[in-house]
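Everything below concerns the one structure shown next.
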Amino acid sequence: MRYRKDLIICDRCQSVNKKLPLAAKEEARCAECGALLYSSDVGLEYKVLSWSFTALVLFVLANIYPIISIDIAGMNGTLTILEAIGRLFDAGFLFVSFFALLVLVVFPFLLMSFLFAFSLFTVAGIEKEIAKTLLLGVSLIRRWSMLDIFFISILVALIKIYEYARIEFGVAFWALALFIVLEIMLVRMVPVGQLWDLWERRYYAT
Amino acid sequence: MLLKCPYCEATNENGTRCARCGLFIGLDRAASLHKSLAYLIAAIIFYIPANIYPVLKTSKFAATHGSTIFEGVVQMWRSGDYPVAIIIFTASIFIPVAKFAVLVYLNYTLARCAPRNVRRRIFLYHLIELTGPWSLIDVFVVLILVALIHFQNIAIIPGIGVSSFALMVVLTILSANAIDPRILGVQCAKR
């Protein structure tokens, strides 16, 4: 069994393209349909390293501080992710609370820690097999982090109550917003195959 | 035949395991179809209670008032929040129904083994894969409102509709994931 390092298959139209080296800020598009195949990855490992660390710090902030607090005629309510999940669990909604715990807390955290550890090993050039396992984890759970959807939900929920309540945004709100920006740039906009190419280049120098 | 690994995106020459990441990459039309169809049927079943039962209840003093997803949209529209009403309508009513239609269509063509309109079907596949999880907005809104509003006189309580709705969304995501976009263009062997 072998695989071709010189070819890449387009996701959108399944046609086979030849892989060419790119200069900085260039991107490769499918010759058949024009979909993005990969982009230049000069210093990708350092980008992943620094951004995933920042994202982890933001993630901790987003979980320990309240996201918003509201005031309805003297009655106060605050929102933190874990407390919200706990309240649903207490109300007997086992499936929804476990699912929310996974996609809002466990998977985002694992995703960023995997990326951080992976880039750390890759930059140092050690622990080839562990780096591979971490990357495998990233490939499998990258679609199951749903904090971006949660963020939009916060805005929708606020619109439902803004007429009656005084709303204050907490530290965690801004931390969450920045976390999502980083996640989009690091996970959604970088094809996972590019991280695998990086791993390959580092450990099997040609 | 060249095969793209769905996990690490390596271009494999052949085989059933990816030479780079070691995961299973073989094409199995029957397994794909059976799994996807099973999840889809389960999702359609859960769609019914998700729309009949209230997703959240507002209790003011002693009175409790529940509202279903559709009632929530109507309420938002009446109170003049048109953009939000449209977002909720799209995410919780339009996307799930469109997704059912697309999944039925994809499964039907898979079962018929008709490799026509391949590009359009791959586009539809990517579309439902991308938009599917956004239906969870309604579930998360319930989660947020329940956490925020729990006072003595007024409280928002989750309704059982939210469990069915969340299950329905997860099952449609699994159903879409079970379809392998690479088999949409495979021509079956004549029996």
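Identifiers for the structure tokens are assigned positionally: chains receive A, B, ... in sequence, residues are indexed from 1 per chain, and ligands are indexed from 1 in the order shown.
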
* Asked: Leaving out stretch 25-31 of chain B and any residue of its chain fewer than 5 positions from it, which residues lie within 9 Å of it when counting only C-alpha atoms, given as a PyMOL selection string?
  -> chain B and resi 3-7+14-18+36+110-111+178-180+182-184+186

* Hey, what's within 9 Å of B:Ala155 if we count only C-alpha atoms and toss same-chain stuff fewer than 4 positions away? As a PyMOL selection string, please? -> chain B and resi 57-61+146+148-151

* All residues 9 Å or closer to B:Pro49, only C-alpha atoms, same chain fewer than 6 positions away omitted, as a list in words ->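 Close residues of B:Pro49: Ile160, Gly161, Ser164 and Phe165 of chain B.
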
* To do: Provide as a PyMOL selection string the residues of chain A at most 7 Å from chain B, counting only C-alpha atoms.
  => chain A and resi 1-4+7-9+12-13+77-79+84+87-88+93+95-96+139-140+149-150+153-154+156-157+192-193+196

Taking a cut-off of 6 Å and counting only C-alpha atoms, can you build a table that, for each residue of stretch 40-135 of chain A near stretch 167-188 of chain A, reports the nearest atom pair and how far apart they are in Å (one decimal), sorted by chain then residue number, as a Markdown table?
| residue | atom | partner | partner_atom | distance |
| --- | --- | --- | --- | --- |
| A:Ala55 | CA | A:Phe179 | CA | 5.3 |
| A:Leu58 | CA | A:Ala175 | CA | 5.1 |
| A:Leu61 | CA | A:Ala172 | CA | 5.8 |
| A:Ala62 | CA | A:Ala172 | CA | 4.0 |
| A:Tyr65 | CA | A:Ala172 | CA | 5.3 |
| A:Pro66 | CA | A:Gly170 | CA | 5.6 |
| A:Ile67 | CA | A:Phe173 | CA | 4.5 |
| A:Ile68 | CA | A:Phe169 | CA | 4.5 |
| A:Ser69 | CA | A:Glu168 | CA | 5.3 |
| A:Ile70 | CA | A:Ile167 | CA | 4.6 |

* Structure fact -> Residue with the minimum atom-to-atom distance to B:Lys99, picked from B:Ala38, B:Leu33, B:Ala62, B:Leu127 with only C-alpha atoms counted, is B:Leu127

List every residue of stretch 63-119 of chain A that DSSP, applied to the backbone, labels as helix (DSSP H, G or I), and write the result as a compact mmCIF listing (two decimals) with C-alpha atoms, in the first residue's frame.
# COMPACT_ATOMS: atom_id res chain seq x y z
CA ASN A 63 -15.55 28.78 31.11
CA ILE A 64 -14.78 30.29 34.50
CA ILE A 81 -21.46 27.33 30.12
CA LEU A 82 -20.95 24.65 32.78
CA GLU A 83 -23.68 26.02 35.04
CA ALA A 84 -26.15 26.08 32.15
CA ILE A 85 -25.37 22.46 31.32
CA GLY A 86 -25.67 21.48 34.99
CA ARG A 87 -29.07 23.11 35.25
CA LEU A 88 -30.34 21.13 32.28
CA PHE A 89 -28.89 17.96 33.81
CA ASP A 90 -30.68 18.67 37.10
CA LEU A 94 -29.67 13.74 30.29
CA PHE A 95 -29.16 13.49 26.55
CA VAL A 96 -29.20 17.21 25.83
CA SER A 97 -26.90 18.02 28.76
CA PHE A 98 -24.37 15.31 27.88
CA PHE A 99 -24.43 16.31 24.24
CA ALA A 100 -23.95 19.97 25.14
CA LEU A 101 -21.09 19.02 27.47
CA LEU A 102 -19.39 17.18 24.62
CA VAL A 103 -19.78 19.73 21.83
CA LEU A 104 -19.39 22.88 23.97
CA VAL A 105 -16.71 21.86 26.47
CA VAL A 106 -15.00 18.52 25.86
CA PHE A 107 -14.47 18.60 22.08
CA PRO A 108 -13.39 22.27 21.78
CA PHE A 109 -10.92 21.73 24.61
CA LEU A 110 -9.57 18.47 23.20
CA LEU A 111 -9.34 19.96 19.73
CA MET A 112 -7.21 22.89 20.85
CA SER A 113 -5.04 20.83 23.22
CA PHE A 114 -4.42 18.24 20.49
CA LEU A 115 -3.43 21.00 18.08
CA PHE A 116 -1.19 22.61 20.70
CA ALA A 117 0.58 19.37 21.64
CA PHE A 118 0.87 18.36 18.00
CA SER A 119 2.50 21.63 16.96

* Considering only C-alpha atoms, return as a ChimeraX atom specification whatever protein or nucleic-acid residues lie within 12 Å of B:Pro96, sequence-local ones (same chain, fewer than 3 positions apart) excluded. => /B:40,43-44,46-48,50-51,88-93,99-103,128-129,131-136,165-166,168-173,176

Write the residues you've just listed into a file as a JSON list (two decimals), in the first residue's frame, and include C-alpha atoms for each of them.
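Written output follows (selection36.json):
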[["chain", "number", "residue", "atom", "x", "y", "z"],
["B", 40, "LEU", "CA", -32.57, 9.02, 8.65],
["B", 43, "ALA", "CA", -34.44, 11.19, 12.75],
["B", 44, "ILE", "CA", -37.81, 11.47, 10.98],
["B", 46, "PHE", "CA", -37.97, 12.03, 16.41],
["B", 47, "TYR", "CA", -39.01, 14.99, 14.26],
["B", 48, "ILE", "CA", -42.67, 14.36, 15.18],
["B", 50, "ALA", "CA", -39.92, 17.57, 18.44],
["B", 51, "ASN", "CA", -42.67, 19.61, 16.84],
["B", 88, "ILE", "CA", -34.94, 30.65, 13.75],
["B", 89, "PHE", "CA", -37.32, 29.66, 10.98],
["B", 90, "THR", "CA", -34.41, 28.84, 8.68],
["B", 91, "ALA", "CA", -32.38, 26.99, 11.30],
["B", 92, "SER", "CA", -35.13, 25.00, 13.01],
["B", 93, "ILE", "CA", -37.82, 24.45, 10.41],
["B", 99, "LYS", "CA", -32.14, 18.06, 4.95],
["B", 100, "PHE", "CA", -34.67, 15.23, 5.08],
["B", 101, "ALA", "CA", -35.51, 15.83, 1.43],
["B", 102, "VAL", "CA", -31.84, 15.86, 0.38],
["B", 103, "LEU", "CA", -31.03, 12.74, 2.44],
["B", 128, "ILE", "CA", -26.27, 19.54, 4.31],
["B", 129, "GLU", "CA", -23.03, 18.66, 6.04],
["B", 131, "THR", "CA", -25.70, 23.62, 7.47],
["B", 132, "GLY", "CA", -26.87, 20.64, 9.52],
["B", 133, "PRO", "CA", -25.40, 21.50, 12.92],
["B", 134, "TRP", "CA", -26.84, 25.03, 12.78],
["B", 135, "SER", "CA", -30.26, 23.61, 13.61],
["B", 136, "LEU", "CA", -28.92, 23.26, 17.14],
["B", 165, "PHE", "CA", -35.27, 18.04, 18.63],
["B", 166, "ALA", "CA", -31.63, 17.63, 19.70],
["B", 168, "MET", "CA", -33.33, 14.60, 15.58],
["B", 169, "VAL", "CA", -30.52, 17.00, 14.67],
["B", 170, "VAL", "CA", -27.79, 14.63, 15.87],
["B", 171, "LEU", "CA", -29.33, 11.73, 13.96],
["B", 172, "THR", "CA", -29.48, 13.75, 10.73],
["B", 173, "ILE", "CA", -25.82, 14.75, 11.20],
["B", 176, "ALA", "CA", -25.22, 12.69, 6.48]]

Which residues are close to stretch 30-47 of chain A, i.e. within 9 Å by only C-alpha atoms, leaving aside same-chain residues fewer than 3 positions away? Reply as an mmCIF file with C-alpha atoms, in the first residue's frame.
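Contents of around.cif, as written:
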data_model
loop_
_atom_site.group_PDB
_atom_site.id
_atom_site.type_symbol
_atom_site.label_atom_id
_atom_site.label_comp_id
_atom_site.auth_asym_id
_atom_site.auth_seq_id
_atom_site.Cartn_x
_atom_site.Cartn_y
_atom_site.Cartn_z
ATOM 1 C CA ILE A 8 -4.471 15.737 -4.414
ATOM 2 C CA ILE A 9 -8.133 14.956 -5.024
ATOM 3 C CA CYS A 10 -10.619 17.823 -5.038
ATOM 4 C CA ASP A 11 -13.386 17.490 -2.434
ATOM 5 C CA ARG A 12 -15.986 19.217 -4.542
ATOM 6 C CA CYS A 13 -15.635 17.490 -7.910
ATOM 7 C CA SER A 15 -10.943 15.272 -9.933
ATOM 8 C CA VAL A 16 -7.263 14.529 -9.452
ATOM 9 C CA ASN A 17 -4.886 17.493 -9.314
ATOM 10 C CA PRO A 21 4.906 23.858 -4.210
ATOM 11 C CA LEU A 22 3.527 27.315 -3.407
ATOM 12 C CA ALA A 23 5.198 30.623 -2.664
ATOM 13 C CA ALA A 24 4.093 32.656 0.345
ATOM 14 C CA LYS A 25 0.453 33.841 0.239
ATOM 15 C CA GLU A 26 -0.391 31.730 -2.788
ATOM 16 C CA GLU A 27 -3.192 29.199 -2.847
ATOM 17 C CA SER A 50 0.747 30.198 19.046
ATOM 18 C CA TRP A 51 -2.919 30.332 18.084
ATOM 19 C CA SER A 52 -3.888 27.079 19.778
ATOM 20 C CA PHE A 118 0.868 18.365 17.996
ATOM 21 C CA SER A 119 2.502 21.633 16.965
ATOM 22 C CA LEU A 120 4.792 21.501 20.005
ATOM 23 C CA THR A 122 6.291 19.010 15.360
ATOM 24 C CA VAL A 123 8.317 22.145 16.022
ATOM 25 C CA LEU A 186 -7.222 27.415 12.563
ATOM 26 C CA VAL A 190 -6.984 25.130 7.112
ATOM 27 C CA PRO A 191 -7.727 21.783 5.403
ATOM 28 C CA GLY A 193 -4.666 17.419 4.997
ATOM 29 C CA GLN A 194 -2.304 20.368 5.205
ATOM 30 C CA LEU A 195 -1.476 19.532 8.823
ATOM 31 C CA LEU A 198 3.308 19.232 7.638
#
